[in-house]
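Novice: If you scroll down you'll find the structure; I have some questions about it.
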Number of protein chains: 6
Amino acid sequence: MKDSIKVFSGNGNPHLARAICDYLDLPLGQVTISRFSNENIFIQIEENVRERDVFVVQPLCSPVSENLIELLLMLDSLRHASARRITAVIPYFSYARSDKKDMPRISIAGRLVADLLQSAGADRALTMSLHSDQVMGFFRIPIDQLNPIRIFCDYFRELGLEDTVALATDAGSARRAGAYAIRLNLPLAFIDKRRVSDEEVHARAVVGDVSGKTVIIFDDEICRGTSLLEAVKTVHDMEVREVRAAATHGVFANDALERIEALDPLKQVIVTDTVPRQPTKEGSKIRTLSVAGLFGEAIKRIHTGESVSGLFE
Amino acid sequence: MKDSIKVFSGNGNPHLARAICDYLDLPLGQVTISRFSNENIFIQIEENVRERDVFVVQPLCSPVSENLIELLLMLDSLRHASARRITAVIPYFSYARSDKKDMPRISIAGRLVADLLQSAGADRALTMSLHSDQVMGFFRIPIDQLNPIRIFCDYFRELGLEDTVALATDAGSARRAGAYAIRLNLPLAFIDKRRVSDEEVHARAVVGDVSGKTVIIFDDEICRGTSLLEAVKTVHDMEVREVRAAATHGVFANDALERIEALDPLKQVIVTDTVPRQPTKEGSKIRTLSVAGLFGEAIKRIHTGESVSGLFE
Amino acid sequence: MKDSIKVFSGNGNPHLARAICDYLDLPLGQVTISRFSNENIFIQIEENVRERDVFVVQPLCSPVSENLIELLLMLDSLRHASARRITAVIPYFSYARSDKKDMPRISIAGRLVADLLQSAGADRALTMSLHSDQVMGFFRIPIDQLNPIRIFCDYFRELGLEDTVALATDAGSARRAGAYAIRLNLPLAFIDKRRVSDEEVHARAVVGDVSGKTVIIFDDEICRGTSLLEAVKTVHDMEVREVRAAATHGVFANDALERIEALDPLKQVIVTDTVPRQPTKEGSKIRTLSVAGLFGEAIKRIHTGESVSGLFE
Amino acid sequence: MKDSIKVFSGNGNPHLARAICDYLDLPLGQVTISRFSNENIFIQIEENVRERDVFVVQPLCSPVSENLIELLLMLDSLRHASARRITAVIPYFSYARSDKKDMPRISIAGRLVADLLQSAGADRALTMSLHSDQVMGFFRIPIDQLNPIRIFCDYFRELGLEDTVALATDAGSARRAGAYAIRLNLPLAFIDKRRVSDEEVHARAVVGDVSGKTVIIFDDEICRGTSLLEAVKTVHDMEVREVRAAATHGVFANDALERIEALDPLKQVIVTDTVPRQPTKEGSKIRTLSVAGLFGEAIKRIHTGESVSGLFE
Amino acid sequence: MKDSIKVFSGNGNPHLARAICDYLDLPLGQVTISRFSNENIFIQIEENVRERDVFVVQPLCSPVSENLIELLLMLDSLRHASARRITAVIPYFSYARSDKKDMPRISIAGRLVADLLQSAGADRALTMSLHSDQVMGFFRIPIDQLNPIRIFCDYFRELGLEDTVALATDAGSARRAGAYAIRLNLPLAFIDKRRVSDEEVHARAVVGDVSGKTVIIFDDEICRGTSLLEAVKTVHDMEVREVRAAATHGVFANDALERIEALDPLKQVIVTDTVPRQPTKEGSKIRTLSVAGLFGEAIKRIHTGESVSGLFE
Amino acid sequence: MKDSIKVFSGNGNPHLARAICDYLDLPLGQVTISRFSNENIFIQIEENVRERDVFVVQPLCSPVSENLIELLLMLDSLRHASARRITAVIPYFSYARSDKKDMPRISIAGRLVADLLQSAGADRALTMSLHSDQVMGFFRIPIDQLNPIRIFCDYFRELGLEDTVALATDAGSARRAGAYAIRLNLPLAFIDKRRVSDEEVHARAVVGDVSGKTVIIFDDEICRGTSLLEAVKTVHDMEVREVRAAATHGVFANDALERIEALDPLKQVIVTDTVPRQPTKEGSKIRTLSVAGLFGEAIKRIHTGESVSGLFE
């Protein structure tokens with residue numbers, strides 16, 4: 001396998017890319033990425049990739065536009081360097097949040113980015129925890145979506161699940177929290193609220209019974225943390241026992257980390273390493289579980305033609 | 001306008017097509033649709049359509065496969081007959097329900113059908129109440145999605161909304177019911193349940209306060225009615241005042257109509273005429289509100305370049 | 001080979017698909033095909049097909065629209081399940097009859113269906129006895145066309161060919177009958193007639209010498225049988241010795257079988273098993289020759305890279 | 001109309017292009033066509049064509065490859081010069097003869113050329129008397145096919161049609177001759193022969209009654225004239241009264257003209273001006289009927305959105 | 001015209017966009033551009049654009065990746081908002097510098113960006129002074145390239161051109177400087193040097209006669225200014241009278257402006273406003289000539305169908 | 001390798017194709033190429049190519065249009081004959097000279113031809129010494145460009161390089177001559193001239209020091225030889241020691257060979273065998289170096305997945 005497969009990384013999350021390569025027992029592919037003085041990005045693949053099965057690991061994390069253009073240029077370089085097959089591995093596909101036209105004359109940017117990836121030369125995609133499952137339909141190329149459900153469930157089962165409720169932070173994410181509730185056999189509650197704009201959120205009421213219970217909030221990503229923190233405050237008023245949260249993508253924009261650490265009723269936040277982050281301090285509430293093995297195994301199976309869905313059975 | 005626009009109908013819902021033409025004060029376009037003895041469908045457009053702005057009205061209602069192939073053939077005939085622009089008007093896009101890959105090796109058929117429409121020659125699409133908003137992202141061609149929210153809200157406001165609750169039949173449809181709740185300023189409840197298969201549904205509990213209240217169940221389509229009837233039974237046990245339901249698409253497959261008429265606690269079901277149906281009997285619970293005017297107005301605006309989203313402001 | 005190739009069947013002709021698998025000594029691939037209550041077709045491929053060379057057997061026989069949509073959905077499912085190559089095996093491509101625009105504003109539906117197959121994910125096609133050879137040019141993907149000429153010729157040679165004439169039922173099919181005439185070294189005759197519509201046919205005269213001879217009528221498909229039965233009556237009036245007929249596709253729509261069995265001057269009708277049929281009764285005139293071996297051999301050669309045209313040299 | 005429409009000509013048949021412009025009362029568009037010393041063709045459109053409806057007249061006559069490349073370059077120049085719509089007007093589409101794959105590993109070149117025209121920028125095509133009607137299905141862009149049936153029929157009706165037979169030179173062209181037979185109400189005959197190769201033809205027998213009659217041979221093109229001359233000799237042996245021939249495209253390759261003039265039994269050959277030719281000498285058998293008006297009228301109707309099929313009703 | 005045309009601006013150069021609108025006597029189109037907290041860019045077109053002819057002004061200046069993604073999203077929004085035609089107006093197309101594969105396994109990024117623009121919905125492009133003319137061939141959509149030659153030549157003619165030489169900073173840009181030399185009837189010189197990398201440049205010798213003369217250096221863009229400043233120093237050693245420079249795109253990255261102001265032998269630098277810049281201080285060497293009128297006039301002509309090349313005759 | 005790779009040749013340069021096959025120790029692939037009497041080109045691949053890696057060698061030399069159409073038809077035949085991968089090997093890509101739009105309303109024909117190759121079925125391209133490097137960006141398919149720099153440099157180094165200058169015939173080709181100057185460590189000079197039209201050239205002055213030196217003129221192709229002969233005359237006036245010339249493509253149109261042999265100051269002309277030529281007479285100035293080994297090695301590496309750029313390190 002070592003001769004026929006190559007894994008490259010952009011600047012998005014080289015730590016994760018290296019961990020994936022460790023799982024696969026492969027060296028990370030050599031590539032030069034630099035900027036000309038007019039800010040044009042320059043990519044040179046530094047190894048022969050002819051007829052190889054190539055994977056490019058690049059989450060759409062900050063700086064998002066830079067990382068996206070880097071990814072597109074890497075795909076194009078690989079295509080013209082005659083790679084046999086190119087898979088865009090996008091552990092965090094941020095534009096999946098732009099998945100519908102709920103205002104006039106906006107772009108369904110998730111669809112556009114899927115098209116751009118194909119234009120640039122991607123033959124396949126591999127991603128994790130899309131904001132909505134329908135986003136897979138935006139891709140004409142085959143795409144595999146991974147999820148950390150087993151990893152998270154194993155973690156929470158070990159902690160113990162007595163008198164515990166799964167909570168969705170709003171009606172829109174009820175489906176996702178519901179999937180965890182089914183898997184962990186927990187009741188489901190949600191917060192009936194209105195998102196006025198990206199920044200303003202107005203919680204109204206908890207629908208479902210949470211008092212005296214341990215509440216686990218499930219979401220796909222934690223960004224500014226506003227929804228999460230509002231939810232914690234809302235259920236805290238209802239005398240819950242303790243509150244934990246789990247989300248695949250720990251974006252933690254702006255002062256999200258500080259605000260999370262500061263909010264007492266929130267005991268712990270579980271995320272994965274799809275998005276890179278500064279090392280957390282001693283005693284942090286943030287707990288990061290790695291998905292490198294999951295991605296590594298999926299890449300191996302894509303390469304050898306084994307079932308990827310078999311990973312989740 | 002009469003010279004430059006033409007509206008054709010397949011066999012899906014000619015009644016609606018004629019009502020749309022009435023709104024536009026246009027004759028329905030002449031077309032021959034027949035079957036050869038080997039079941040090949042034969043389409044002949046019987047009027048010159050060169051340089052015309054053409055709309056084809058065809059919901060994907062029963063018989064779905066026949067209606068879909070008819071639509072594809074009509075689009076192709078119109079393209080090769082040199083129509084200037086062709087809009088597929090699909091009031092009920094049934095395959096929008098196949099919008100995600102929640103099992104291994106299934107087709108996101110909604111995406112496939114969007115691609116087929118474009119292959120066959122559609123330049124635009126116009127539809128209503130897609131099962132999920134993300135389905136708009138499956139189309140590369142411009143698409144407008146209408147909704148009956150204003151029509152339904154006007155109807156319910158006239159009935160009176162005191163002590164009323166909006167109910168979603170499961171977590172997945174909470175977003176849709178939530179949109180009505182916001183518009184009508186109602187509290188929201190939902191039923192926490194598990195859909196075991198297309199046929200089997202297991203309700204668990206009503207999340208939210210419904211006792212003593214009028215409950216309005218909102219959904220996008222009523223097909224076999226299983227979800228709806230289960231929901232009615234579940235809330236009926238909680239001593240609600242009365243139960244009504246509203247859904248855009250009244251498919252009423254199998255014995256759905258009989259079962260609805262027979263279930264006492266359900267007082268009324270409001271649907272639109274996106275899907276054709278036998279005339280209801282005197283005293284039926286089914287109340288049909290027409291969307292012909294809404295489609296007619298949208299077609300007029302698409303043709304003249306006025307804002308379609310302006311219809312919903 | 002068994003690891004790298006998979007053959008699936010839709011509901012079109014599972015009997016033929018199984019016979020092809022028997023020839024290849026392969027199990028038929030596992031797939032679930034069902035209908036939701038809104039008639040949406042649901043397809044799930046039940047085996048891992050990653051990197052496999054996959055063949056889907058589905059003739060466009062009755063119910064044609066259902067079988068076509070099934071085929072498109074299977075192709076799409078296989079593409080997104082990461083099959084390496086997908087070949088649509090369409091033993092009877094009914095829409096090949098819609099191969100020209102001989103009236104204004106009709107669709108060349110054969111071309112449209114070829115486009116739809118490609119949109120849905122077919123990488124290649126394999127078919128038999130297209131209504132006209134030009135239909136191969138409707139496909140951008142590579143396509144192989146098989147024919148039963150050797151099978152039919154072997155059969156008739158064994159019967160004996162003294163004082164025999166090949167007959168075309170009209171001028172349009174003279175080319176096809178001519179190919180048999182050349183191969184069997186027979187004189188050619190045809191019926192000069194006018195097809196007024198799909199249903200009405202008016203024979204005028206037999207062009208060529210048939211009296212006192214055995215007449216074999218060659219055609220690509222027998223559907224309602226009208227052309228065939230008219231031809232038999234016409235030549236019967238000219239005191240022929242006996243009349244036989246051979247056609248690849250035995251569609252036998254409506255009461256075609258009854259009418260054929262009832263028409264005395266017609267002694268025998270040879271067809272293949274591209275289209276499924278109820279088992280014929282004892283003493284039937286219909287004789288079915290299987291093309292399963294031919295399809296099986298072609299699939300084997302496509303898979304291993306041997307010449308398919310070599311089959312016909 | 002004069003401001004919004006432009007007609008250009010390549011070197012294929014400028015005489016016909018000018019005659020079309022005369023019909024339309026338009027000046028022929030200015031274009032420079034030259035060759036660099038390395039034989040690269042250079043095209044410069046010498047007039048502003050932005051937002052114009054442009055037609056390029058270029059039959060694929062000798063030198064075919066040069067004319068085809070010229071046409072492709074003109075289409076590309078016009079596209080990048082921002083023409084609003086470009087119609088390739090190809091009165092003689094020679095590659096329509098390559099319409100099927102009747103030998104292994106050959107190209108269906110008619111399909112390829114259709115694809116090349118679209119790649120180069122053609123939005124529509126307009127042609128005449130394709131070798132087979134199925135070739136229209138090779139085009140994804142809208143295409144109109146004209147025919148000279150009315151022109152030829154008017155001509156022959158004026159000559160008188162008593163005791164006249166329509167003759168097809170082989171089984172393959174029986175359909176075309178049949179169309180004339182129907183229109184002129186004549187009986188149909190054909191020659192049962194074998195075409196061994198492009199050059200060798202072996203006639204076997206006339207099928208149908210021709211003795212003592214006037215025979216009119218109908219074909220789509222006369223190239224080397226071999227089929228025609230063989231046919232004349234064959235029917236001449238059967239004591240026919242006189243023989244005439246009609247074909248849309250008078251290619252007359254090699255010494256075809258001399259051989260036609262020399263063969264006594266052939267009285268007259270009617271062709272059109274789709275292909276240019278040296279002026280015929282006094283007393284020639286060749287009679288050329290112009291299709292410039294037909295093309296001019298079709299172009300006018302395409303431009304204004306009137307029905308083109310209406311021309312043939 | 002005001003009703004049918006709309007001009008929008010991204011954040012690249014709103015000042016230029018407004019100046020273009022002033023020329024056209026149009027208001028700048030309303031659009032909201034913001035960032036979500038996960039850095040996803042959000043675009044909403046705030047005016048109805050159905051059936052309008054829309055132009056989006058966005059140079060690829062710093063921050064380049066942000067501006068490129070903004071542009072792609074605006075194009076996509078406009079397409080799905082049913083604009084009739086969308087022109088990407090890119091006064092500075094920075095990626096044109098990545099126009100060849102002069103090292104193994106690099107991307108011809110100029111080609112990729114052209115493809116991305118088309119994927120996102122651009123129907124046409126309008127740009128200025130591409131690094132090489134061949135880049136126009138990277139676009140499948142029609143593209144117009146403007147240049148400031150007349151503006152610059154008028155400026156220098158007014159200054160006086162006695163004893164003046166046009167200088168190219170290296171052999172690669174000799175063609176561009178040559179175009180100015182021809183237009184201004186000046187002799188041409190160039191510097192024979194080697195560009196070791198993007199940052200390191202090694203001048204070797206001036207080829208051509210410059211001593212005692214006024215030297216004007218012509219280039220397409222001034223970025224870090226390294227080439228320019230090296231050239232100035234090189235010719236300064238050869239006792240030239242004075243040195244001026246002209247370039248379309250004044251990028252002035254890093255400390256380029258300070259270094260230019262500090263280098264005494266360089267008397268003046270002429271650029272245009274394709275790239276925005278802080279207002280220059282009193283006494284600056286930088287002189288900016290506006291191209292807003294040129295872009296405005298080109299947009300007007302594209303809209304009305306007048307010749308754009310006519311602008312340069 | 002012999003089983004999986006096949007090399008075919010059109011009529012462009014069969015001698016080179018055979019030499020390439022000799023290098024690869026392969027037989028040249030069997031193909032029939034003929035013309036029908038209507039000049040349609042007929043191609044039949046005479047060997048099974050299913051699943052093979054196929055290369056078609058065809059330079060665009062005289063007759064250019066014939067050779068281009070031949071190539072397109074061969075590509076199409078191979079695609080539909082199910083070749084696994086098809087590489088168009090175009091040693092001389094003449095249309096690369098049409099690489100920019102330096103006059104209004106002309107075609108960038110190099111781009112068009114690249115598109116046509118892809119339409120016809122080419123999966124890759126392999127070429128040599130494109131007129132400008134940017135032409136590689138015209139191809140969406142992977143393309144490798146070879147060059148004879150090492151071959152030419154070895155040749156000149158052997159001759160001795162004392163007091164030698166590299167000369168470009170005009171500013172536009174300074175880049176190419178510069179590449180040789182760097183490699184051979186020679187000073188660079190160029191002729192400042194104006195090309196008035198394809199035929200007329202006006203030299204003005206030699207820029208750089210050439211008197212008393214050996215001058216080597218480097219260019220990509222020699223066609224009519226006008227530029228070359230003008231350059232020789234111009235430097236001859238400046239008392240150079242001797243003049244040699246080197247160009248990849250020896251087209252030698254019209255009387256170029258005679259004029260070259262007749263011009264005394266020109267001592268030698270080195271070209272390669274990308275373009276076929278009559279054998280030169282005893283004592284000719286033309287020296288032809290073969291690139292068959294270079295192409296053979298590149299084809300081998302493309303087939304086996306080794307680096308092609310490695311050939312030039």
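In the structure tokens, chains take letters A, B, ... by order of appearance, with residues numbered from 1 within each chain and ligands from 1 in the order shown.
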Could you write out as a ChimeraX atom specification the residues of chain F within 8 Å of chain D, counting only C-alpha atoms?
Specialist: /F:36-40,42-46,61-66,69,73-74,76-78,80-81,94-95,104-109,112,115-116,119-120,198,223-224,251,253-254
Novice: Among stretch 165-262 of chain D, which ones does DSSP place in strand (DSSP E), written as number ranges by chain?
Specialist: D: 165-168, 188-195, 201-207, 214-222, 242-250
Novice: Which residues are close to B:Arg176, i.e. within 9 Å by only C-alpha atoms, leaving aside same-chain residues fewer than 4 positions away? Reply as a ChimeraX atom specification.
Specialist: /A:172 /B:132,168,172,180-181,218-220
Novice: Determine, counting only C-alpha atoms, which protein, DNA and RNA residues have an atom within 9 Å of an atom of D:Ile20; residues of the same chain fewer than 5 positions away are not included. Present the result as a PyMOL selection string.
Specialist: chain D and resi 7+15+25-26+28+291-297+299
Novice: Which residues, written as a PyMOL selection string, have at least one atom at most 7 Å from stretch 270-283 of chain C, with only C-alpha atoms counted and residues fewer than 5 positions away on the same chain left out?
Specialist: chain C and resi 13+16+59+61+91-92+245-251+288-291
